[in-house]
Every structure is written in structure tokens, then in C-alpha cells.
Amino acid sequence: MDERSVAQAARDAVPRAEQAFRRLPRMEIPEKPSLDGLEAKWSARWDDGAVYRFDRTKARAEVYAIDTPPPTVSGSLHMGSVFGYAQTDTIARYRRMRGDEVFYPMGWDDNGLATERRVQNFYGVRCDPSLPYDPDLVPPEKPGKQAVPISRRNFVELCDRLVVEDEKKFEELWRGLGLSVDWAMTYTTIGERSRRASQRAFLRNLARGEAYQAEAPTLWDVDDRTAVAQAELEDRELAGAYHGVAFHGIGAADDIVIETTRPELIPACVALVAHPDDARYQSRFGTEVTTPLFGVTVPVLSHALADPEKGSGIAMICTFGDTTDVVWWRELQLPTRNIMGRDGRLVADPPDWGPAGPEAAKRYAELAGKTAKQAQARIVELLEESGELVGEPKPITHPVKFYERGSRPLEIVTSRQWYFRNGGREPELRDAFLARGRELHWHPPHMRQRYESWVEGLNTDWLISRQRFFGVPFPVWYRLRPDGEVDYDAPMLPTEDQLPVDPSSDVPDGFRADQRGEPGGFIGDPDVMDTWATSSLTPQIATGWGDDDDLFARTFPMDLRPQGPEIIRTWLFDTVVRAHFEHDSLPWRDTTINGWILDPERKKMSKSKGNVVTPMPMLEQHGADAVRYWAANGRPGTDTALDEGQMKVGRRLAIKLLNASKFALGVIGDAATDAPVTEPLDRSMLAALGELVRDVTSAFEEYDYARALERTERFFWGFCDDYLELVKQRAYGTTGESGAGSARAALATALAVLQRLFAPFLCYVTAEVWSWWQDGSVHRQPWPEPGDADGHAAGADALDYVVAAEVLGAVRKVKSEARRSMRAEVTHVAVTDTPDRLEALARIEADVRGAGTIAALDTAPGDAFAVVVDLADEPAA
RNA sequence: GGGCGAUUGGCUCAGUUGGUUAGAGCGCUGCCUUCACACGGCAGAGGUCGUGGGUUCGAGUCCCGCAUCGCCCACCA
């Protein structure tokens, strides 16, 4: 038995609180129950009563800790988030009712490029780090045509200001949705705790060799002017063209024609490459050719990655056109001829072309300063003029790498960056992370495939530095040599108790502020960490790692990470990496992966498609319980359409619960509810209810909240349509006090169970109906046990309730087809059925006759169920 | 190119280890001005379970192939 099971067993051994849920002496049931106003009323009461407050005196084994991925607060609220977070909340509420102390904090992911972009668009500004700080800066009312350049510090201040506003809106939304998070425990990924945790973890990674700095070719976004990581790439199909380009051998017949989609990179060419087995180029390996237009000498080489099927089977290697170039460049140990600037334009100063340099430079002069696209157009013209363009360009579409939020293709530039090891270059480490993936419990299990294919496909380490402004700075300074050059080899680091630091304003030990930027002095690392480098520590940040050791000991490793499928390769994997390094453990035991939210046309919702639905109007129109109902109907990991019809159904269910509760409690009235349950129908219903509790509980244990809801709902509609109708007359006392007492006890028992089963889903309406007759919040009640229901019905026959409902249904059908009222008198009913079912019918005949207004009922044994109904004549109008 | 998931009435989806006439809601049709509920209730019509094989006494459910859709991964000249 593991630690958790021991704790569970200990809890189970404690005598449970009053199980019968006796009604309060004085019930307060509205004359006309309504959903209106319930959300405001109960949100306020939950706050006042600290219903969802985490009790930090509980031991780890008693705690259920949920690592909610902080939503990105920049940008608009999205129905997809509502979908996932509402689902998670049903789990949280279930665990809480099971007796777990639920640790359920909420964070806001506010640092990073997403926020910067929002600030740029919202205020119409852009950050220019060369500008001085303006303490009196007032941002433009409305963004103008030209972005206003402001200093880095001003820019960060605007970021800080805007995220506070955004976070208020998010909290308002989540509160309205009824998320049972402890709002006293929010955090932000740019907040001090997050900065301290990020920097502390980084320093430890660095000390252990898990973080390192390297100068290397890097995927680069020319618009945001920052390096980006493999995890942030996406492929997009782009129109392009194969250009046949002639490279020259010794004789005119020795031309080698290559096909390229990027002729503008000819000046960056360092070699040609073909497959070693390719007969066409066997004789050329080891020889040299000269590039078209520029006349630069490059070798012809062989490499297994070259694909004989592609183009003419031989490719030019440029530094750098794509990631394959980087592989060839590294493995064939080629020189670098960089022409691509960080602004996406060809650099002014040409690379080293050797002897051909002076001539080549003349050609290059008119390309310098052009964008890749402009340069390509011009170079094609030049190739045509020189006759080195072979044939017409052949249009193709091909996948091109983009930054996922970018608008222009990524370039590859060489730059100095920070990395975390993640197995991309070390098979053993990669295997360790694959093992972690198998150690984690995935719901649904097949989602692990995405993790595996991502980890198996890693080909670089995790690039964490960004040349941006609003993020956690690297806690690193560098010495400046006497000649002013930066000494990257011996970075200066703060101690952990100094964190968080900002190296652009803080000064390393042993230096004075006026030595910043001076030869012999120091400079701070100018970069910030990518947002994932902080987000990957949310389990540590939320649980107070290093800041609150007591809390950390009670909550880490956490139990559950709920999240969307699109961030398995980033958030989930990165978080596994960090916990593996720092704690040699998983960050959590389970993960639930929700599905996509699709629009009514079954298209994935995304901003670019313009089909995003904002959640606030949905909540206002249908109500939180209705929206939660819709979300909870989306099965784990299954894509779900945005369906307002489902929300209407949810709303109707909530109203039904109001009215059925009112009715049942009205029937019970002032009478006692502790009479023995003696009537077969009551006992049979409670037996079925006990089965329901078993079923729903096991569904929740498997994280299948959708099944739990569906089963509860199905039982409840039958309970309303059949049981309440069947028991109505007897409960009013028309057949005597014993039968009435049994009915009232069964009604009270069923109501107490059903209201609690619905509580994780319909959190507002269940709070309301529970309060009519019970003390305390329903959301802090113990989860029903099967015995709460069938404990009152030992030996009951499940058939009784089934047969009663079927016979009643048959009678209703006849009345409906005869276009008569459901109250129409029935003179006689003849039921044919199997003996065991007729026995059941005999036990509950009185209830069936009462509900169907049936004067006489006969039975006859037979093979199949059949009912003949004689209606009384219609009374004269 | 590799992988994962899906394919059930007009729509959205259930269908837990293969077992008698395949379920629900929405929509549609009809009825009921019932004393919990008109933000109702009752009932009805509507499906060769994508397709072709196979295993089995028996397959929506298991196996193989195919098709379509969605997604993930991939070195994309």
C-alpha cells in the first residue's frame, strides 16, 4: 500500500459525519425557484466562507494538488480555456468531496513575447533599448500609425500595467464559471516568486551542467528579432519555385545544375552535396566548382542525407538556408559565409569568398540591404542575364518553418544563446525522459504517443534565451576585458539569497555601478528567458519551492496536471525536464489532456480563422452551470463542438433540479425523514441509486467526469419522470402513514445523494438546493457512498423499480396516443409478463395504480411484456 | 514518410471486458392549459453502426485491408 492509500484507509476508518442528512428544522424554499442571481449569491458566500481555502496543516498524503497551467493573459479570453478549466474543476470538486484537501492555485502566464505584442498593439509603442527612461511617459490614448519608441524600462512598466488589467478580467471570468480555486493563492509568471524560482533553478542547472551557453546557428524570427526554440516551430505550406542554377566545372560540359528554392542564398553557398551512392556525381566528389554570378570556388561533397530523388539530386549547402544545411555544415566541417542579417535583410559586409572576393563583392553590393524576397527577385534577373538560370522556375508548394506566432519564414543566424539539455543531443538523457513519460499516468492513455514522438524527434537542446524585454532576466554578468571585449567564459553569478536580480540594474559583487560597460568592468546578460523556462516551473512556483519549504513538503510532487494537447511538447515536456533535473522525480503523478474545442462547423477554433467565441456572453446568456454542463459533456481528450444546444440542456437540467428538489422537500414537509424504508418501490429505487453511486465514483476515479455526469443525469431524469410520479400519492399519505414515512425517508435519502452527485458539475444550483434543507456547503460534504442509498434497502429487488417504470410508461403511451390527459382515468389494465416480473409488479402495484389512475389491474403469465389499457370514457365537456 | 484518434438516425454524442428487438439529447411531429416544473410534461417517427474480408454459436464491440476526416511527429535542397 502506498502512502496515499494508507491515508485514504485512515480517512475511511473515521466514522463519517451524519449520513442521513436530516433536514433542517425550518426549510426555506422559494415559492418560485429560479436560477437568477444564484451565481452572484453563491460566489460571494464561497468567498466569505472560504469554502475552497486550502488548509495547509494537512500532510502530503491528505492533499490533492493540481498544477493548473496558468493561462496566457495577454490576448483575448477563449472558449477553449473555459472548456478545459471547467472540466478540471469537476475533478477538483470531486476530490474535495472525497475528503482530499485540494490544493488548487491559479496562476497567470503574463511574461514573454505574447504580452509584449499585446502592449505594442494596445498602446502603439515599441521598445527601443537605446532610449533613456522617461519617468513622465504617457502612452498614446490610441495606437497611432507609427509605433512610438520607448525605453526598455518604460516598456516593461506598460507590460506590468496591462497584465494587471488582463488578470482581473481572467479572474472575473473564472470566478463566474465557478472554479473552486483558492483565490488567495494566485501567482504570476513575471512575479517576484516566479523570477526567484526561475533564476534559482537556472543557477542550479548551470552548476550541474544542465544549462550552458553556446554560439551556434539558431532559428531566428526576423520580425521579433529573437531566437526561437524547436518547440515553437510550425510548418506552413508556402508557394515557392525550383530554380535551376548552373555551377561551373573546369570545362563548359562540366556544369552541375542544382535546383534551389532559395537562389538568393548563392552568395552564402559553401559546398555542393549529393548522395555517396549517386552514380551521376561519383566522379565529381572531391572536385571543385565555382558558384554562378559570384565565381566562388566550392567543393563537391557527398553525404547520406542528400536525396537523389529530390531536384537534380545535388544540393547547394548555404549558411544557412534550412536545418539540413546546419547538419551538413556541422558534419562536413564547412566554413561559414553569412549573408542574412538579424533584421531579415542581407548584410552590408560580404563574407570571406577567398580569391574571388573582390569580383564577387561587386555583384553582392546591389543585393546588400534587400529582404530575402527582394534579393531573390533581383538575383533571378541577374542569373537570367548571365545565362546561368537553367530553364524556367518550376512553381511548387513546400513546407517552410515559421515561428508559431510569426508572419515571415524563419531564418537561421549564428548567435550566442543559452540552452537547457533536454535529450536532443544525448540519447541517454532522451531515454530518461521517455521513461518519465511512461511513468506518468496519461488520461486518456493514447496522448502519451504525442509526448513520445516529440521526445524521439528532438534534434537540438532547448534554447531558452530570447532577445526580448519582458521576461525573467538571466542572473548573469560578464567581465569586460581591458580591450572592451566581453569575456563569456567566466560568467559572474549571484548567490541564491540575492535572487531575484536584474543584471541590467543590479551590480555583481566586487564591482561598482559606474563600471558597467567600461573596459575592465562588467555588463549584464541582456537576454531574458523564454516564457517556457519559467512556465516549466509552475509546480515548483505554486508549491513554494525554496520560498516556503513547509508548503512545498505538503504539496510536491503534485497529483494532477490538466492541460490541452497542443502544449504537450512545450509545457508538459519542459516541466518534466525541470523536475527531473531538480528533484529527480515527476512533477505530478497524473495528467489529463482535454480535447479541442471546435466551432459548430467542426472547425478548430483559432484567431486566424476568425471563429473564436468569447466566453462571457455564453456565461451571461446560459449561466455558469449550463456552460459547465456543456464542458463536462466533452469526454477526456475528445474534441468537442461548441454547442449552445447542450448549454440549454444543461440549463434545463439545473431548473429541473430546483423544481424536483422543491417538490420532494414539499412532500416531506414537516414530517420526519428517519422512518424505515419499507416499501418495495422505495427500496428498489435506493438499490439502483446505490449502484449509480458505485458507477459514478469509479468513473471519477478514472478521471471520466463525462461518464459520471451522463450516468447521474440519466438516473435523475428517470427519478423525476417515474419515481416521483409513482411515489407522489403515497408520500402525501393517501395509503397510510407507514407507506408515507417510507416514501419520505427514501425521497430525503435520494435527494441528499443526487444533489451531491451533481455538485461537481452544477456547482451553483446544487449549492442553492442543498441550502434549502441542509447545513454547510454541499461542496464540503462527503462524497456519497453506495451505502448512503442502498444501506437502507438491504435485499431489495432492482426489478421492482424497473417494472413499475415500464408499466407506467405503457399506460402513458396509451393515454398519449388517445390524446388524453395523463390524469385520464383507466378502468382496467392487463399485464402479460414473465413470472419474476409479475412478482415484482405485485409488490409495487398500488404505486403504479396511483400514478396511472388505474382502477383495476390484472396479470397473466407470458413470454413477453405486453400491456392492454382500457381508458374510461372521456368526461363530457 | 512515420504515428495517434475518429467514422453509430438531419445535428451533437453514449454504447465499460463480444450476448437477446443499437441508446440519449437537440431538431422534427403529435398530444397534455396535471395541484414541483410552459425556462414544462408525455409520446411518436427516424439508424443495412464508413467500406471489404476474417474469427465466433453470436460483432457497433475482436483481427486484417481500404477510404474519408482531424491531429501529432519528421533533415522541407
# chains A, B, ... in the order shown; residues from 1 in each chain; ligands from 1

$ residues_around --residues "Val667 of chain A" --least-positions-apart "4" --cutoff "12 Å" --atoms "only C-alpha atoms (C1' of nucleotides)" --output "list in words"
Ala660, Ser661, Lys662, Phe663, Ala671, Ala672, Thr673, Leu724, Glu725, Val727, Lys728, Gln729, Arg730, Ala731, Tyr732, Gly733, Ala740, Gly741, Ala743, Arg744, Ala745, Ala746, Leu747 and Ala748 of chain A; A36 of chain B

$ closest_atom_pairs --of "chain A" --to "chain B" --cutoff "8 Å" --atoms "only C-alpha atoms (C1' of nucleotides)" --output "tab-separated table"
residue	atom	partner	partner_atom	distance
A:Glu259	CA	B:A77	C1'	7.0
A:Thr260	CA	B:A77	C1'	5.8
A:Thr261	CA	B:A77	C1'	7.4
A:Leu305	CA	B:C75	C1'	7.1
A:Lys310	CA	B:A77	C1'	7.5
A:Gly311	CA	B:A77	C1'	7.4
A:Ile314	CA	B:A77	C1'	7.7
A:Ala315	CA	B:A77	C1'	4.9
A:Met316	CA	B:A77	C1'	6.7
A:Ile317	CA	B:A77	C1'	7.9
A:Thr323	CA	B:C75	C1'	6.8
A:Thr324	CA	B:C75	C1'	5.0
A:Val327	CA	B:C75	C1'	7.9
A:His398	CA	B:C76	C1'	6.5
A:Pro399	CA	B:C76	C1'	5.4
A:Val400	CA	B:C76	C1'	6.4
A:His446	CA	B:C4	C1'	7.0
A:Met447	CA	B:C4	C1'	7.8
A:Gln449	CA	B:C4	C1'	6.6
A:Arg450	CA	B:C72	C1'	5.7
A:Ser453	CA	B:C73	C1'	5.5
A:Trp454	CA	B:C73	C1'	6.2
A:Gly457	CA	B:C73	C1'	6.8
A:Ala641	CA	B:U12	C1'	7.6
A:Asp643	CA	B:U12	C1'	7.5
A:Gly645	CA	B:C26	C1'	6.3
A:Gln646	CA	B:C26	C1'	7.7
A:Val649	CA	B:G25	C1'	7.7
A:Arg652	CA	B:C39	C1'	6.8
A:Ile655	CA	B:C39	C1'	7.4
A:Lys656	CA	B:C37	C1'	6.5
A:Asn659	CA	B:A36	C1'	4.8
A:Ala660	CA	B:A36	C1'	5.5
A:Ser661	CA	B:A36	C1'	7.7
A:Lys662	CA	B:A36	C1'	6.0
A:Phe663	CA	B:A36	C1'	4.2
A:Ala664	CA	B:A36	C1'	7.7
A:Arg812	CA	B:C42	C1'	6.7
A:Lys813	CA	B:A43	C1'	5.7
A:Ser816	CA	B:A43	C1'	5.5
A:Glu817	CA	B:A43	C1'	7.0
A:Arg819	CA	B:C31	C1'	5.2
A:Arg820	CA	B:C32	C1'	6.9
A:Ser821	CA	B:C32	C1'	5.1
A:Met822	CA	B:C32	C1'	6.8
A:Arg823	CA	B:U34	C1'	6.4

$ select_by_dssp --residues "segment 46-291 of chain A" --states "strand (DSSP E or B)" --output "ChimeraX atom specification"
/A:63-66,72,101-103,107-109,125-127,148-150,187-188,211-221,226-227,233-248,256-260,269-274,288-290

$ select_by_dssp --residues "segment 187-229 of chain A" --states "alpha helix (DSSP H)" --output "list of chain:residue names"
A:Glu192, A:Arg193, A:Ser194, A:Arg195, A:Arg196, A:Ala197, A:Ser198, A:Gln199, A:Arg200, A:Ala201, A:Phe202, A:Leu203, A:Arg204, A:Asn205, A:Leu206, A:Ala207

$ residues_around --residues "Lys648 of chain A" --least-positions-apart "5" --cutoff "12 Å" --atoms "only C-alpha atoms (C1' of nucleotides)" --output "VMD selection string"
(chain A and resid 618 to 619 621 to 630 643 653 to 655) or (chain B and resid 25 to 26 39)

$ write_last_selection --atoms "N, CA, C and O atoms (P, O5', C5', C4', C3', O3' and C1' of nucleotides)" --output "PDB file, in the first residue's frame"
ATOM      1  N   MET A 618     -21.510  33.820 -23.383  1.00  0.00           N
ATOM      2  CA  MET A 618     -22.056  32.481 -23.168  1.00  0.00           C
ATOM      3  C   MET A 618     -22.486  32.320 -21.713  1.00  0.00           C
ATOM      4  O   MET A 618     -23.560  31.789 -21.417  1.00  0.00           O
ATOM      5  N   LEU A 619     -21.621  32.770 -20.803  1.00  0.00           N
ATOM      6  CA  LEU A 619     -21.941  32.647 -19.382  1.00  0.00           C
ATOM      7  C   LEU A 619     -23.151  33.492 -19.029  1.00  0.00           C
ATOM      8  O   LEU A 619     -24.003  33.084 -18.240  1.00  0.00           O
ATOM      9  N   GLN A 621     -25.556  34.467 -21.062  1.00  0.00           N
ATOM     10  CA  GLN A 621     -26.789  34.014 -21.693  1.00  0.00           C
ATOM     11  C   GLN A 621     -27.310  32.708 -21.104  1.00  0.00           C
ATOM     12  O   GLN A 621     -28.502  32.565 -20.860  1.00  0.00           O
ATOM     13  N   HIS A 622     -26.404  31.764 -20.891  1.00  0.00           N
ATOM     14  CA  HIS A 622     -26.862  30.433 -20.494  1.00  0.00           C
ATOM     15  C   HIS A 622     -26.665  30.146 -19.009  1.00  0.00           C
ATOM     16  O   HIS A 622     -27.284  29.245 -18.474  1.00  0.00           O
ATOM     17  N   GLY A 623     -25.766  30.868 -18.375  1.00  0.00           N
ATOM     18  CA  GLY A 623     -25.471  30.613 -16.976  1.00  0.00           C
ATOM     19  C   GLY A 623     -24.285  29.678 -16.820  1.00  0.00           C
ATOM     20  O   GLY A 623     -23.996  28.859 -17.690  1.00  0.00           O
ATOM     21  N   ALA A 624     -23.594  29.832 -15.683  1.00  0.00           N
ATOM     22  CA  ALA A 624     -22.367  29.068 -15.477  1.00  0.00           C
ATOM     23  C   ALA A 624     -22.631  27.570 -15.415  1.00  0.00           C
ATOM     24  O   ALA A 624     -21.894  26.772 -15.997  1.00  0.00           O
ATOM     25  N   ASP A 625     -23.682  27.172 -14.717  1.00  0.00           N
ATOM     26  CA  ASP A 625     -23.956  25.738 -14.621  1.00  0.00           C
ATOM     27  C   ASP A 625     -24.185  25.129 -16.005  1.00  0.00           C
ATOM     28  O   ASP A 625     -23.759  24.005 -16.278  1.00  0.00           O
ATOM     29  N   ALA A 626     -24.847  25.882 -16.874  1.00  0.00           N
ATOM     30  CA  ALA A 626     -25.127  25.382 -18.217  1.00  0.00           C
ATOM     31  C   ALA A 626     -23.834  25.239 -19.024  1.00  0.00           C
ATOM     32  O   ALA A 626     -23.632  24.249 -19.736  1.00  0.00           O
ATOM     33  N   VAL A 627     -22.949  26.222 -18.892  1.00  0.00           N
ATOM     34  CA  VAL A 627     -21.677  26.162 -19.609  1.00  0.00           C
ATOM     35  C   VAL A 627     -20.819  25.029 -19.050  1.00  0.00           C
ATOM     36  O   VAL A 627     -20.174  24.286 -19.796  1.00  0.00           O
ATOM     37  N   ARG A 628     -20.836  24.876 -17.748  1.00  0.00           N
ATOM     38  CA  ARG A 628     -20.093  23.775 -17.129  1.00  0.00           C
ATOM     39  C   ARG A 628     -20.638  22.423 -17.589  1.00  0.00           C
ATOM     40  O   ARG A 628     -19.873  21.483 -17.816  1.00  0.00           O
ATOM     41  N   TYR A 629     -21.948  22.351 -17.705  1.00  0.00           N
ATOM     42  CA  TYR A 629     -22.578  21.116 -18.168  1.00  0.00           C
ATOM     43  C   TYR A 629     -22.101  20.765 -19.578  1.00  0.00           C
ATOM     44  O   TYR A 629     -21.721  19.625 -19.862  1.00  0.00           O
ATOM     45  N   TRP A 630     -22.079  21.762 -20.439  1.00  0.00           N
ATOM     46  CA  TRP A 630     -21.599  21.536 -21.803  1.00  0.00           C
ATOM     47  C   TRP A 630     -20.150  21.042 -21.784  1.00  0.00           C
ATOM     48  O   TRP A 630     -19.792  20.062 -22.440  1.00  0.00           O
ATOM     49  N   ASP A 643     -21.512  23.927 -28.560  1.00  0.00           N
ATOM     50  CA  ASP A 643     -22.895  23.570 -28.817  1.00  0.00           C
ATOM     51  C   ASP A 643     -23.794  24.278 -27.802  1.00  0.00           C
ATOM     52  O   ASP A 643     -23.906  23.860 -26.653  1.00  0.00           O
ATOM     53  N   LEU A 653     -31.607  21.163 -17.073  1.00  0.00           N
ATOM     54  CA  LEU A 653     -31.312  20.208 -16.006  1.00  0.00           C
ATOM     55  C   LEU A 653     -31.227  20.920 -14.656  1.00  0.00           C
ATOM     56  O   LEU A 653     -31.748  20.438 -13.648  1.00  0.00           O
ATOM     57  N   ALA A 654     -30.578  22.074 -14.661  1.00  0.00           N
ATOM     58  CA  ALA A 654     -30.441  22.840 -13.417  1.00  0.00           C
ATOM     59  C   ALA A 654     -31.820  23.263 -12.899  1.00  0.00           C
ATOM     60  O   ALA A 654     -32.103  23.176 -11.704  1.00  0.00           O
ATOM     61  N   ILE A 655     -32.671  23.689 -13.819  1.00  0.00           N
ATOM     62  CA  ILE A 655     -34.019  24.101 -13.411  1.00  0.00           C
ATOM     63  C   ILE A 655     -34.807  22.904 -12.887  1.00  0.00           C
ATOM     64  O   ILE A 655     -35.538  22.995 -11.906  1.00  0.00           O
TER      65      ILE A 655
ATOM     66  P     G B  25     -34.093  11.555 -24.591  1.00  0.00           P
ATOM     67  O5'   G B  25     -33.313  12.906 -24.894  1.00  0.00           O
ATOM     68  C5'   G B  25     -32.788  13.686 -23.828  1.00  0.00           C
ATOM     69  C4'   G B  25     -31.860  14.735 -24.377  1.00  0.00           C
ATOM     70  C3'   G B  25     -32.441  15.611 -25.480  1.00  0.00           C
ATOM     71  O3'   G B  25     -33.216  16.669 -24.955  1.00  0.00           O
ATOM     72  C1'   G B  25     -30.316  14.843 -26.136  1.00  0.00           C
ATOM     73  P     C B  26     -34.350  17.297 -25.844  1.00  0.00           P
ATOM     74  O5'   C B  26     -33.543  18.019 -27.005  1.00  0.00           O
ATOM     75  C5'   C B  26     -32.727  19.153 -26.723  1.00  0.00           C
ATOM     76  C4'   C B  26     -32.024  19.603 -27.980  1.00  0.00           C
ATOM     77  C3'   C B  26     -32.944  19.943 -29.146  1.00  0.00           C
ATOM     78  O3'   C B  26     -33.459  21.257 -29.053  1.00  0.00           O
ATOM     79  C1'   C B  26     -31.176  18.568 -29.904  1.00  0.00           C
ATOM     80  P     C B  39     -41.751  29.709 -19.748  1.00  0.00           P
ATOM     81  O5'   C B  39     -40.529  28.679 -19.807  1.00  0.00           O
ATOM     82  C5'   C B  39     -39.713  28.523 -20.994  1.00  0.00           C
ATOM     83  C4'   C B  39     -38.482  27.757 -20.573  1.00  0.00           C
ATOM     84  C3'   C B  39     -38.872  26.759 -19.492  1.00  0.00           C
ATOM     85  O3'   C B  39     -39.147  25.456 -20.010  1.00  0.00           O
ATOM     86  C1'   C B  39     -37.087  28.200 -18.742  1.00  0.00           C
TER      87        C B  39
END

$ residues_around --residues "G50 of chain B" --least-positions-apart "4" --cutoff "8 Å" --atoms "only C-alpha atoms (C1' of nucleotides)" --output "VMD selection string"
chain B and resid 7 67 to 68

$ residues_around --residues "G58 of chain B" --least-positions-apart "2" --cutoff "9 Å" --atoms "only C-alpha atoms (C1' of nucleotides)" --output "number ranges by chain"
B: 18-19, 56

$ atom_distance --atom1 "atom CA of Asp497 of chain A" --atom2 "atom CA of Ser536 of chain A"
21.8 Å

$ atom_distance --atom1 "atom CA of Ser535 of chain A" --atom2 "atom CA of Thr68 of chain A"
10.9 Å

$ atom_distance --atom1 "atom CA of Tyr705 of chain A" --atom2 "atom CA of His443 of chain A"
11.5 Å
